[in-house]
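Below is data.cif, holding mmCIF, C-alpha atoms.
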```cif
data_coords
loop_
_atom_site.label_atom_id
_atom_site.label_comp_id
_atom_site.auth_asym_id
_atom_site.auth_seq_id
_atom_site.Cartn_x
_atom_site.Cartn_y
_atom_site.Cartn_z
CA MET A 1073 35.82 22.07 -1.76
CA ARG A 1074 34.28 22.04 1.69
CA LEU A 1075 31.78 19.22 2.30
CA PRO A 1076 29.16 19.00 5.02
CA GLU A 1077 29.69 16.78 8.03
CA PRO A 1078 27.53 13.69 7.58
CA VAL A 1079 24.81 13.12 10.19
CA ALA A 1080 24.48 9.66 11.76
CA GLY A 1081 20.87 9.18 10.81
CA ALA A 1082 17.39 10.60 10.55
CA ARG A 1083 14.48 10.22 12.92
CA ILE A 1084 10.78 10.79 12.61
CA LEU A 1085 9.59 13.30 15.22
CA ALA A 1086 5.83 13.05 14.70
CA PHE A 1087 2.99 12.06 12.38
CA GLY A 1088 -0.21 13.83 11.38
CA GLY A 1089 -3.21 12.69 9.37
CA TYR A 1090 -6.24 14.22 7.72
CA GLN A 1091 -9.38 12.76 6.16
CA PRO A 1092 -12.16 14.73 4.47
CA ASP A 1093 -15.46 15.00 6.39
CA ASN A 1094 -17.59 13.24 3.79
CA VAL A 1095 -18.01 9.56 4.75
CA VAL A 1096 -19.11 7.29 1.88
CA THR A 1097 -20.42 3.91 3.00
CA ASN A 1098 -20.75 0.74 0.93
CA ASP A 1099 -24.52 1.21 0.99
CA ASP A 1100 -24.05 4.69 -0.50
CA LEU A 1101 -22.12 3.09 -3.39
CA ALA A 1102 -24.70 0.32 -3.79
CA ALA A 1103 -27.29 3.03 -4.42
CA VAL A 1104 -25.46 4.20 -7.57
CA MET A 1105 -23.80 1.05 -8.92
CA ASP A 1106 -24.25 -2.72 -9.06
CA THR A 1107 -22.55 -3.68 -5.80
CA ASN A 1108 -23.36 -4.33 -2.16
CA ASP A 1109 -21.85 -4.09 1.30
CA GLU A 1110 -21.06 -7.81 1.61
CA TRP A 1111 -19.40 -7.94 -1.82
CA ILE A 1112 -17.15 -4.95 -1.09
CA ARG A 1113 -16.18 -6.15 2.39
CA SER A 1114 -15.26 -9.62 1.14
CA ARG A 1115 -13.37 -8.44 -1.98
CA VAL A 1116 -11.43 -5.45 -0.63
CA GLY A 1117 -12.16 -5.19 3.10
CA ILE A 1118 -13.46 -1.62 3.01
CA ILE A 1119 -16.38 -0.61 5.24
CA SER A 1120 -16.36 3.11 4.46
CA ARG A 1121 -14.07 5.70 2.92
CA ARG A 1122 -13.74 9.50 2.85
CA ILE A 1123 -14.18 11.54 -0.29
CA ALA A 1124 -13.00 15.15 -0.62
CA GLY A 1125 -15.40 17.94 -1.44
CA PRO A 1126 -15.43 19.33 -4.99
CA GLU A 1127 -13.36 22.36 -3.98
CA GLU A 1128 -10.99 20.50 -1.66
CA THR A 1129 -7.56 20.00 -3.23
CA VAL A 1130 -4.54 17.74 -2.75
CA ALA A 1131 -2.76 20.80 -1.30
CA ASP A 1132 -5.60 21.54 1.16
CA MET A 1133 -5.42 18.01 2.55
CA ALA A 1134 -1.61 18.11 2.64
CA VAL A 1135 -1.70 21.35 4.65
CA ALA A 1136 -4.22 19.89 7.10
CA ALA A 1137 -2.19 16.71 7.74
CA ALA A 1138 1.17 18.48 7.83
CA GLY A 1139 -0.13 21.15 10.22
CA LYS A 1140 -0.92 18.40 12.73
CA ALA A 1141 2.44 16.68 12.21
CA ILE A 1142 4.31 19.94 12.78
CA ALA A 1143 2.26 20.73 15.90
CA ASN A 1144 2.91 17.20 17.24
CA SER A 1145 6.64 17.44 16.51
CA GLY A 1146 7.45 20.55 18.51
CA VAL A 1147 9.49 21.80 15.56
CA SER A 1148 8.81 25.35 14.39
CA PRO A 1149 7.93 25.78 10.69
CA SER A 1150 10.97 28.07 10.42
CA GLU A 1151 13.23 25.10 11.23
CA ILE A 1152 12.00 23.05 8.25
CA ASP A 1153 14.18 23.40 5.18
CA LEU A 1154 12.84 20.74 2.80
CA VAL A 1155 9.25 19.81 1.91
CA ILE A 1156 8.46 16.66 -0.09
CA VAL A 1157 4.92 15.89 -1.20
CA ALA A 1158 4.25 12.40 -2.53
CA THR A 1159 1.23 12.50 -4.81
CA CYS A 1160 -0.02 11.07 -8.08
CA SER A 1161 -3.39 12.83 -8.15
CA ALA A 1162 -2.55 16.54 -8.19
CA GLU A 1163 -4.99 18.73 -10.09
CA ALA A 1164 -2.25 20.04 -12.40
CA PRO A 1165 1.43 19.36 -13.15
CA ILE A 1166 2.47 23.01 -12.69
CA PRO A 1167 3.06 24.38 -10.12
CA ASN A 1168 4.07 21.51 -7.89
CA VAL A 1169 2.07 20.91 -4.71
CA SER A 1170 4.94 21.10 -2.24
CA ALA A 1171 6.03 24.73 -2.66
CA GLY A 1172 2.54 26.10 -2.18
CA VAL A 1173 1.89 23.80 0.77
CA ALA A 1174 5.12 24.96 2.41
CA SER A 1175 4.15 28.59 1.96
CA ARG A 1176 0.71 28.05 3.46
CA LEU A 1177 2.29 26.36 6.50
CA GLY A 1178 4.58 29.34 7.10
CA ILE A 1179 7.71 27.45 6.09
CA ASN A 1180 10.08 30.02 4.65
CA ALA A 1181 11.72 29.21 1.28
CA PRO A 1182 12.43 25.50 1.75
CA GLY A 1183 13.57 23.13 -0.95
CA ALA A 1184 10.28 21.77 -2.28
CA TYR A 1185 9.47 19.00 -4.71
CA ASP A 1186 6.79 16.41 -5.46
CA VAL A 1187 7.44 12.69 -5.74
CA ASN A 1188 5.37 10.50 -8.02
CA ALA A 1189 5.90 6.90 -7.06
CA ALA A 1190 2.12 6.43 -6.71
CA CYS A 1191 1.20 4.26 -3.73
CA ALA A 1192 4.90 3.80 -2.86
CA GLY A 1193 5.36 7.59 -2.76
CA PHE A 1194 5.49 8.08 1.01
CA CYS A 1195 8.20 5.44 1.44
CA TYR A 1196 10.20 7.03 -1.40
CA GLY A 1197 9.75 10.50 0.15
CA LEU A 1198 10.77 9.23 3.58
CA ALA A 1199 13.92 7.70 2.10
CA ASN A 1200 14.69 10.99 0.32
CA ALA A 1201 14.16 12.88 3.59
CA SER A 1202 16.46 10.54 5.51
CA ASP A 1203 19.16 10.80 2.84
CA ALA A 1204 18.91 14.61 2.71
CA ILE A 1205 19.35 14.87 6.47
CA ARG A 1206 22.20 12.35 6.62
CA SER A 1207 24.09 14.06 3.81
CA GLY A 1208 23.61 17.53 5.29
CA SER A 1209 21.32 18.86 2.52
CA ALA A 1210 18.55 19.52 5.04
CA ARG A 1211 18.08 19.48 8.80
CA HIS A 1212 14.31 19.12 9.17
CA VAL A 1213 12.18 17.63 6.39
CA LEU A 1214 8.41 17.55 6.07
CA VAL A 1215 7.22 14.48 4.14
CA ILE A 1216 3.58 14.37 3.09
CA GLY A 1217 1.48 11.85 1.16
CA SER A 1218 -1.69 13.52 -0.13
CA GLU A 1219 -4.17 12.19 -2.66
CA LYS A 1220 -7.50 13.06 -4.17
CA MET A 1221 -7.94 9.77 -6.00
CA SER A 1222 -11.66 10.45 -6.39
CA ALA A 1223 -10.81 13.07 -9.02
CA TRP A 1224 -9.26 10.38 -11.26
CA VAL A 1225 -11.56 7.43 -10.63
CA ASP A 1226 -14.85 6.72 -12.38
CA PRO A 1227 -17.36 7.00 -9.52
CA LEU A 1228 -19.61 4.47 -11.26
CA ASP A 1229 -16.92 1.86 -11.96
CA ARG A 1230 -17.39 -0.91 -9.45
CA SER A 1231 -13.86 -2.24 -9.82
CA THR A 1232 -12.10 1.03 -8.88
CA GLY A 1233 -14.87 3.30 -7.52
CA ILE A 1234 -15.26 1.14 -4.41
CA ILE A 1235 -11.52 1.06 -3.62
CA PHE A 1236 -9.94 4.46 -4.03
CA ALA A 1237 -10.44 7.38 -1.65
CA ASP A 1238 -8.98 10.67 -0.45
CA GLY A 1239 -6.80 11.79 2.44
CA ALA A 1240 -3.36 12.86 3.57
CA GLY A 1241 -0.69 11.87 6.07
CA ALA A 1242 2.56 13.55 7.05
CA ALA A 1243 5.74 13.10 9.05
CA VAL A 1244 8.31 15.58 10.34
CA VAL A 1245 11.81 14.14 10.09
CA GLY A 1246 14.90 15.52 11.81
CA PRO A 1247 18.51 14.59 12.54
CA LEU A 1248 19.46 11.66 14.72
CA THR A 1249 22.53 12.79 16.60
CA ASP A 1250 22.81 9.91 19.06
CA PRO A 1251 22.63 6.51 17.35
CA GLU A 1252 21.58 4.97 20.67
CA ASP A 1253 18.50 7.18 20.62
CA ALA A 1254 15.92 4.56 19.59
CA PRO A 1255 12.65 6.43 18.87
CA GLY A 1256 11.75 7.47 15.33
CA VAL A 1257 14.80 6.09 13.53
CA VAL A 1258 14.42 5.68 9.77
CA GLY A 1259 16.03 2.44 8.63
CA PRO A 1260 17.61 1.76 5.23
CA VAL A 1261 15.24 1.68 2.27
CA VAL A 1262 14.96 -1.23 -0.16
CA TRP A 1263 13.23 -0.04 -3.30
CA GLY A 1264 12.68 -0.85 -6.93
CA SER A 1265 10.27 -0.84 -9.83
CA ALA A 1266 8.86 -3.13 -12.51
CA GLY A 1267 8.32 -0.84 -15.47
CA ASP A 1268 7.81 -3.80 -17.80
CA ILE A 1269 4.37 -4.33 -16.24
CA ALA A 1270 3.56 -0.64 -15.69
CA ASP A 1271 0.50 -0.92 -17.95
CA ARG A 1272 -1.31 -2.80 -15.16
CA ILE A 1273 -2.27 0.50 -13.46
CA VAL A 1274 -2.65 3.57 -15.67
CA ILE A 1275 -4.39 6.88 -16.18
CA LYS A 1276 -3.93 7.09 -19.94
CA ASP A 1277 -4.33 10.82 -20.37
CA ARG A 1278 -5.85 13.85 -18.71
CA THR A 1279 -9.38 12.96 -19.82
CA SER A 1280 -9.18 9.32 -18.71
CA PHE A 1281 -10.06 7.60 -15.46
CA LEU A 1282 -7.74 5.27 -13.59
CA PHE A 1283 -7.67 1.73 -14.97
CA GLN A 1284 -6.20 -1.27 -13.21
CA GLU A 1285 -6.00 -4.95 -14.04
CA GLY A 1286 -7.21 -6.16 -10.68
CA GLN A 1287 -6.19 -9.80 -10.90
CA ALA A 1288 -2.75 -9.02 -12.31
CA VAL A 1289 -2.06 -6.39 -9.65
CA PHE A 1290 -3.30 -8.77 -6.95
CA ARG A 1291 -0.98 -11.50 -8.20
CA TRP A 1292 2.00 -9.12 -8.36
CA ALA A 1293 1.34 -7.65 -4.92
CA THR A 1294 0.91 -11.01 -3.22
CA THR A 1295 3.86 -12.78 -4.85
CA ALA A 1296 6.55 -10.26 -5.89
CA LEU A 1297 6.82 -7.89 -2.93
CA TYR A 1298 7.44 -9.86 0.24
CA PRO A 1299 11.14 -10.41 -0.59
CA THR A 1300 11.55 -6.60 -0.62
CA ALA A 1301 9.91 -6.37 2.81
CA LEU A 1302 12.10 -9.16 4.16
CA ALA A 1303 15.18 -7.46 2.69
CA ALA A 1304 14.28 -4.22 4.48
CA CYS A 1305 14.04 -6.15 7.77
CA GLU A 1306 17.35 -7.84 7.05
CA ARG A 1307 19.07 -4.51 6.30
CA ALA A 1308 17.69 -3.00 9.50
CA GLY A 1309 18.74 -6.06 11.53
CA VAL A 1310 15.18 -6.75 12.66
CA GLU A 1311 13.47 -10.15 12.55
CA PRO A 1312 9.85 -10.07 11.25
CA GLY A 1313 8.78 -11.65 14.55
CA GLU A 1314 10.20 -8.65 16.43
CA LEU A 1315 8.08 -6.12 14.53
CA GLN A 1316 5.63 -4.18 16.65
CA ALA A 1317 3.57 -3.43 13.57
CA PHE A 1318 3.48 -3.97 9.82
CA VAL A 1319 2.06 -1.01 7.93
CA PRO A 1320 1.83 -1.84 4.23
CA HIS A 1321 0.14 0.36 1.66
CA GLN A 1322 -3.59 -0.09 2.23
CA ALA A 1323 -4.35 -1.38 -1.27
CA ASN A 1324 -6.87 -4.09 -0.46
CA LEU A 1325 -7.27 -5.92 2.86
CA ARG A 1326 -6.73 -9.27 1.17
CA ILE A 1327 -3.39 -8.11 -0.25
CA VAL A 1328 -2.44 -6.73 3.17
CA GLU A 1329 -3.28 -10.02 4.91
CA ALA A 1330 -1.57 -12.14 2.25
CA LEU A 1331 1.61 -10.05 2.60
CA ALA A 1332 1.53 -10.39 6.39
CA ARG A 1333 1.27 -14.18 6.10
CA LYS A 1334 4.20 -14.34 3.67
CA ILE A 1335 6.38 -12.05 5.79
CA GLY A 1336 5.43 -13.80 9.02
CA VAL A 1337 3.74 -10.99 10.97
CA PRO A 1338 0.81 -11.98 13.23
CA ARG A 1339 -2.50 -10.52 12.05
CA ASP A 1340 -3.04 -8.43 15.20
CA ARG A 1341 0.12 -6.42 14.41
CA VAL A 1342 -0.96 -5.55 10.87
CA ALA A 1343 -2.45 -2.16 9.99
CA ASP A 1344 -5.96 -2.43 8.53
CA ASP A 1345 -6.71 1.26 8.21
CA ILE A 1346 -8.23 0.55 4.79
CA LYS A 1347 -11.45 -0.50 6.56
CA TYR A 1348 -12.40 3.12 7.20
CA ALA A 1349 -10.05 4.98 4.86
CA GLY A 1350 -10.17 3.08 1.57
CA ASN A 1351 -7.11 3.04 -0.67
CA THR A 1352 -5.62 6.54 -0.47
CA SER A 1353 -2.47 5.73 -2.49
CA SER A 1354 0.59 7.56 -1.10
CA ALA A 1355 -1.42 8.82 1.90
CA SER A 1356 -2.38 5.38 3.19
CA ILE A 1357 0.80 4.56 5.13
CA PRO A 1358 1.25 7.90 6.97
CA LEU A 1359 -2.51 8.10 7.55
CA ALA A 1360 -2.46 4.66 9.18
CA LEU A 1361 0.63 5.56 11.23
CA ALA A 1362 -0.94 8.84 12.38
CA ARG A 1363 -4.09 7.09 13.49
CA MET A 1364 -2.21 4.28 15.26
CA ALA A 1365 -0.07 6.89 17.06
CA GLU A 1366 -3.12 8.95 18.01
CA ARG A 1367 -4.85 5.89 19.46
CA GLY A 1368 -1.76 4.98 21.47
CA GLU A 1369 -1.41 1.64 19.66
CA LEU A 1370 2.32 2.10 19.15
CA THR A 1371 5.08 2.03 21.77
CA SER A 1372 7.93 4.47 21.32
CA GLY A 1373 11.04 2.77 19.98
CA GLY A 1374 9.24 -0.31 18.64
CA PRO A 1375 10.20 -1.41 15.10
CA VAL A 1376 7.56 -0.99 12.38
CA LEU A 1377 7.86 -2.27 8.81
CA LEU A 1378 6.54 0.00 6.03
CA LEU A 1379 5.91 -1.35 2.52
CA GLY A 1380 4.64 0.91 -0.27
CA PHE A 1381 3.74 -0.46 -3.71
CA GLY A 1382 1.62 0.48 -6.68
CA ALA A 1383 1.60 2.06 -10.11
CA GLY A 1384 4.88 2.22 -11.92
CA MET A 1385 5.09 -0.53 -10.67
CA CYS A 1386 7.09 1.14 -7.92
CA TYR A 1387 7.76 -0.33 -4.50
CA ALA A 1388 9.78 0.52 -1.39
CA ALA A 1389 10.15 -0.82 2.13
CA GLN A 1390 11.91 0.36 5.26
CA VAL A 1391 11.83 -0.35 8.97
CA ILE A 1392 11.29 2.64 11.23
CA THR A 1393 11.04 2.82 14.98
CA VAL A 1394 8.03 4.53 16.57
CA PRO A 1395 8.74 8.17 17.52
CA MET B 1418 7.07 -38.71 -13.04
CA ALA B 1419 3.81 -37.23 -14.28
CA LEU B 1420 1.03 -36.68 -11.78
CA SER B 1421 -2.20 -38.58 -12.26
CA ASP B 1422 -5.50 -36.71 -12.51
CA GLN B 1423 -6.39 -38.13 -9.11
CA GLU B 1424 -3.22 -36.72 -7.55
CA ILE B 1425 -3.81 -33.32 -9.12
CA LEU B 1426 -7.42 -33.34 -7.90
CA GLN B 1427 -6.33 -34.21 -4.39
CA GLY B 1428 -3.65 -31.49 -4.37
CA LEU B 1429 -6.11 -28.97 -5.74
CA GLY B 1430 -8.60 -29.90 -3.02
CA GLU B 1431 -5.98 -29.18 -0.37
CA ILE B 1432 -5.23 -25.81 -1.97
CA VAL B 1433 -8.89 -24.79 -2.20
CA ASP B 1434 -9.45 -25.87 1.40
CA GLU B 1435 -6.53 -23.78 2.62
CA ILE B 1436 -7.30 -20.64 0.58
CA ALA B 1437 -11.06 -20.53 0.44
CA GLY B 1438 -12.05 -22.74 3.39
CA VAL B 1439 -14.00 -25.12 1.14
CA PRO B 1440 -13.61 -28.72 2.45
CA ALA B 1441 -11.37 -30.69 0.08
CA ASP B 1442 -13.96 -33.45 -0.40
CA GLU B 1443 -16.34 -30.91 -1.96
CA VAL B 1444 -13.77 -30.09 -4.64
CA THR B 1445 -15.01 -32.58 -7.21
CA PRO B 1446 -14.35 -32.46 -10.98
CA GLU B 1447 -17.74 -31.17 -12.16
CA LYS B 1448 -17.87 -28.25 -9.70
CA SER B 1449 -17.66 -24.67 -10.95
CA PHE B 1450 -15.36 -22.52 -8.82
CA VAL B 1451 -17.57 -19.46 -9.00
CA ASP B 1452 -21.08 -20.95 -9.05
CA ASP B 1453 -20.69 -24.07 -6.89
CA LEU B 1454 -17.75 -23.34 -4.59
CA ASP B 1455 -18.39 -19.57 -4.23
CA ILE B 1456 -14.77 -18.69 -5.04
CA ASP B 1457 -14.14 -15.15 -6.34
CA SER B 1458 -11.64 -13.90 -8.91
CA LEU B 1459 -9.00 -12.90 -6.35
CA SER B 1460 -9.15 -16.28 -4.61
CA MET B 1461 -8.73 -17.86 -8.06
CA VAL B 1462 -5.46 -15.93 -8.39
CA GLU B 1463 -4.34 -17.24 -5.00
CA ILE B 1464 -5.28 -20.78 -6.05
CA ALA B 1465 -3.33 -20.37 -9.30
CA VAL B 1466 -0.26 -19.17 -7.41
CA ALA B 1467 -0.52 -22.05 -4.93
CA ALA B 1468 -1.00 -24.50 -7.81
CA GLN B 1469 2.18 -23.21 -9.40
CA ASP B 1470 4.07 -23.82 -6.15
CA LYS B 1471 2.59 -27.31 -5.79
CA PHE B 1472 2.59 -28.59 -9.36
CA GLY B 1473 5.21 -26.38 -11.01
CA VAL B 1474 2.70 -25.26 -13.64
CA GLU B 1475 2.18 -21.55 -14.18
CA ILE B 1476 -1.40 -20.49 -14.84
CA PRO B 1477 -1.33 -16.94 -16.27
CA ASP B 1478 -4.31 -14.62 -15.74
CA ASP B 1479 -5.42 -14.83 -19.38
CA GLN B 1480 -5.61 -18.64 -19.10
CA LEU B 1481 -7.09 -18.55 -15.63
CA LYS B 1482 -10.25 -16.81 -16.78
CA ASP B 1483 -11.10 -19.81 -19.01
CA LEU B 1484 -10.74 -22.36 -16.24
CA LYS B 1485 -14.29 -22.55 -14.93
CA THR B 1486 -14.51 -25.99 -13.33
CA VAL B 1487 -12.26 -28.11 -11.14
CA GLN B 1488 -11.82 -30.50 -14.09
CA ASP B 1489 -10.64 -27.56 -16.25
CA VAL B 1490 -7.80 -26.90 -13.82
CA VAL B 1491 -6.93 -30.59 -13.52
CA ASN B 1492 -6.76 -30.82 -17.33
CA TYR B 1493 -4.67 -27.65 -17.59
CA VAL B 1494 -2.16 -28.84 -14.99
CA HIS B 1495 -2.02 -32.30 -16.54
CA LYS B 1496 -1.43 -30.89 -20.03
CA ASN B 1497 1.22 -28.36 -18.98
CA ALA B 1498 3.11 -30.38 -16.38
CA SER B 1499 6.60 -31.04 -17.64
#
```

Output the file's structure as structure tokens, nothing else.
Amino acid sequence: MRLPEPVAGARILAFGGYQPDNVVTNDDLAAVMDTNDEWIRSRVGIISRRIAGPEETVADMAVAAAGKAIANSGVSPSEIDLVIVATCSAEAPIPNVSAGVASRLGINAPGAYDVNAACAGFCYGLANASDAIRSGSARHVLVIGSEKMSAWVDPLDRSTGIIFADGAGAAVVGPLTDPEDAPGVVGPVVWGSAGDIADRIVIKDRTSFLFQEGQAVFRWATTALYPTALAACERAGVEPGELQAFVPHQANLRIVEALARKIGVPRDRVADDIKYAGNTSSASIPLALARMAERGELTSGGPVLLLGFGAGMCYAAQVITVP
Amino acid sequence: MALSDQEILQGLGEIVDEIAGVPADEVTPEKSFVDDLDIDSLSMVEIAVAAQDKFGVEIPDDQLKDLKTVQDVVNYVHKNAS
């Protein structure tokens, strides 16, 4: 048996993000349900969010975000040989989202699969991409988080309707041939799940809306996850104080800020993309990264801690360096 | 050694001050967290978690919803402290 030569590591080449055009403000929501701008800002930290049009699909948003990531990466679609779409809000279970997205992007016959680890999906997909490259299963991997949460949330439910939103984010990942080459490196993942409390966030069946036990999820997110984040820093050999940025899943600004305090990251280094994006599940981390990169807020080579967590209850963390 | 009600009240005041920014001397037994101290359900979770760290008494969510006043929490901690 001949085995492939292992590759030293994987590196992110570029990010891309996409949000639908339709901006929904807190005042818009207050017009249809019993809520108000002050209440939403203080409970979840969201100022506005984007909601996809009725015809806009998870795949459409994935294509839009991934197209930008590919253009930013300098890699040709023909060089990509694996496409991973993290999503938990696809319109249908068959066919998967990834194969169709790959085809629309002009990527020829790649390996293609979807990952459902809900809001942790992008971190899981990124770990899969890194492992595939390191083991020689793929050379360039497109990882996308794309969600149309609005399709699964009761628009009149003030506990979920104010939080969840739509969007997509993507990264192009390639081989790291020189370990001294600092930009874009994907560090080791630390991941896990707590299936015993999976009933805290559920969509019961195809006719049901998303339900979550807000207080229980808040307690879990603010108490159970920071050791995973610290373990990812430890495995990458990075002290929390050295992090250039902390980009956790944008679940709720109060969860984000509580996590930052526990991990020991100063507030000004913490992503708060939720303010204008809402909670976009698996898309929230790459969307935040894409926006931070676009605004020039990140310095190439700087370490950034990612922490995804959500339904399942799945979670994953890794340190990357900025491409 | 068991904590006195006064010690629990004082500790709770420190917690509420730190989490919700309500001065500890306003955290008096008859006050309602929601109506008088303007503390929301998520801050109550944070207070419960901090109380567990401080007093070693777990306050699960299904119990937490019944603890309306400062005295309710003092009583709960007192009763469940080992």

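By all atoms listed in the file, and with residues fewer than 2 positions from segment 1438-1447 of chain B along its chain excluded, the set lying at most 9 Å from it is Leu1426, Gln1427, Gly1428, Leu1429, Gly1430, Glu1431, Ile1432, Val1433, Asp1434, Glu1435, Ile1436, Ser1449, Phe1450, Leu1454, Asp1455, Ile1456, Thr1486, Val1487, Gln1488, Asp1489 and Val1491 of chain B.
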
Would you kindly report the residues of chain A within 8 Å of chain B, using only C-alpha atoms, as a short mmCIF file (atom, residue, chain, number, x, y, z; two decimals) with C-alpha atoms, in the coordinates of the input?
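Dumped to result.cif:
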```
data_model
loop_
_atom_site.label_atom_id
_atom_site.label_comp_id
_atom_site.auth_asym_id
_atom_site.auth_seq_id
_atom_site.Cartn_x
_atom_site.Cartn_y
_atom_site.Cartn_z
CA ARG A 1115 -13.37 -8.44 -1.98
CA GLN A 1287 -6.19 -9.80 -10.90
CA ALA A 1288 -2.75 -9.02 -12.31
CA PHE A 1290 -3.30 -8.77 -6.95
CA ARG A 1291 -0.98 -11.50 -8.20
#
```

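Between atom CA of Arg1083 of chain A and atom CA of Ser1265 of chain A the separation is 25.6 Å.
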
Separation of atom CA of Gly1117 of chain A and atom CA of Asp1238 of chain A, in Å? 16.6 Å

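Once the PyMOL selection byres ((chain A and resi 1089) around 6) is applied to this file, the selection holds Gly1088, Tyr1090, Ala1137, Ala1240, Gly1241, Leu1359 and Ala1362 of chain A.
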
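The spacing separating atom CA of Gly1183 of chain A from atom CA of Pro1126 of chain A amounts to 29.5 Å.
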
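Taking only C-alpha atoms into account, Val1490 of chain B lies nearest to B:Ile1425 out of the set B:Val1451, B:Ala1437, B:Ala1467, B:Ile1425.
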
Going by the chain IDs and residue numbers used in this file, which residues fall under the PyMOL selection byres ((chain A and resi 1298) around 12)? Write them as number ranges by chain. A: 1262-1263, 1292-1297, 1299-1305, 1312, 1318, 1320, 1327-1337, 1377-1381, 1387-1389

Would you kindly return, as a PyMOL selection string, each protein, DNA or RNA residue with an atom no farther than 9 Å from any atom of Ala1498 of chain B, considering only C-alpha atoms and excluding same-chain residues fewer than 5 positions away? chain B and resi 1419-1420+1472-1474+1493

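For the point (6.0, 12.7, 9.7), the residues with an atom at a distance of at most 9 Å are Ile1084, Leu1085, Ala1086, Phe1087, Gly1088, Ala1138, Ala1141, Ile1142, Ser1145, Leu1198, Val1213, Leu1214, Val1215, Ile1216, Gly1241, Ala1242, Ala1243, Val1244, Val1245, Pro1358 and Ala1362 of chain A, counting all atoms listed in the file.
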
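With distances taken over all atoms listed in the file, B:Ser1421 is the one residue among B:Asp1483, B:Asp1470, B:Ser1421, B:Ile1476 lying closest to His1495 of chain B.
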
Residues picked by the PyMOL selection byres ((chain A and resi 1207) around 8) here, as a ChimeraX atom specification? /A:1076-1079,1203-1206,1208-1210

For a quick check of your reading of the model, name the residues lying within 10 Å of the coordinate (18.2, 3.3, 7.5), counting all atoms listed in the file, and write them as an mmCIF file with C-alpha atoms, keeping the file's coordinate frame.
```cif
data_model
loop_
_atom_site.group_PDB
_atom_site.id
_atom_site.type_symbol
_atom_site.label_atom_id
_atom_site.label_comp_id
_atom_site.auth_asym_id
_atom_site.auth_seq_id
_atom_site.Cartn_x
_atom_site.Cartn_y
_atom_site.Cartn_z
ATOM 1 C CA ALA A 1080 24.480 9.660 11.760
ATOM 2 C CA GLY A 1081 20.870 9.180 10.810
ATOM 3 C CA ALA A 1082 17.390 10.600 10.550
ATOM 4 C CA ARG A 1083 14.480 10.220 12.920
ATOM 5 C CA ALA A 1199 13.920 7.700 2.100
ATOM 6 C CA SER A 1202 16.460 10.540 5.510
ATOM 7 C CA ASP A 1203 19.160 10.800 2.840
ATOM 8 C CA ARG A 1206 22.200 12.350 6.620
ATOM 9 C CA VAL A 1257 14.800 6.090 13.530
ATOM 10 C CA VAL A 1258 14.420 5.680 9.770
ATOM 11 C CA GLY A 1259 16.030 2.440 8.630
ATOM 12 C CA PRO A 1260 17.610 1.760 5.230
ATOM 13 C CA VAL A 1261 15.240 1.680 2.270
ATOM 14 C CA VAL A 1262 14.960 -1.230 -0.160
ATOM 15 C CA ALA A 1304 14.280 -4.220 4.480
ATOM 16 C CA ARG A 1307 19.070 -4.510 6.300
ATOM 17 C CA ALA A 1308 17.690 -3.000 9.500
ATOM 18 C CA GLN A 1390 11.910 0.360 5.260
ATOM 19 C CA VAL A 1391 11.830 -0.350 8.970
ATOM 20 C CA ILE A 1392 11.290 2.640 11.230
#
```

Across A:Ala1266, A:Ala1343, A:Ile1156, A:Val1274, the smallest distance to Ser1356 of chain A, with all atoms listed in the file counted, is shown by A:Ala1343

Take every atom of segment 1476-1479 of chain B listed in the file, pad by 5 Å on each side, and give me the axis-aligned box centre and edge lengths in Å, one decimal, as AutoDock Vina command-line options.
```
--center_x -3.4 --center_y -17.6 --center_z -17.1 --size_x 14.1 --size_y 15.9 --size_z 14.5
```

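Comparing A:Val1147, A:Asn1108, A:Ala1131, A:Cys1160 by their smallest distance to Phe1194 of chain A, the closest is A:Cys1160 (using all atoms listed in the file).
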
Nearest to Asp1271 of chain A by atom-to-atom distance, counting all atoms listed in the file, from A:Gly1382, A:Ser1114, A:Ser1161, A:Leu1154: A:Gly1382
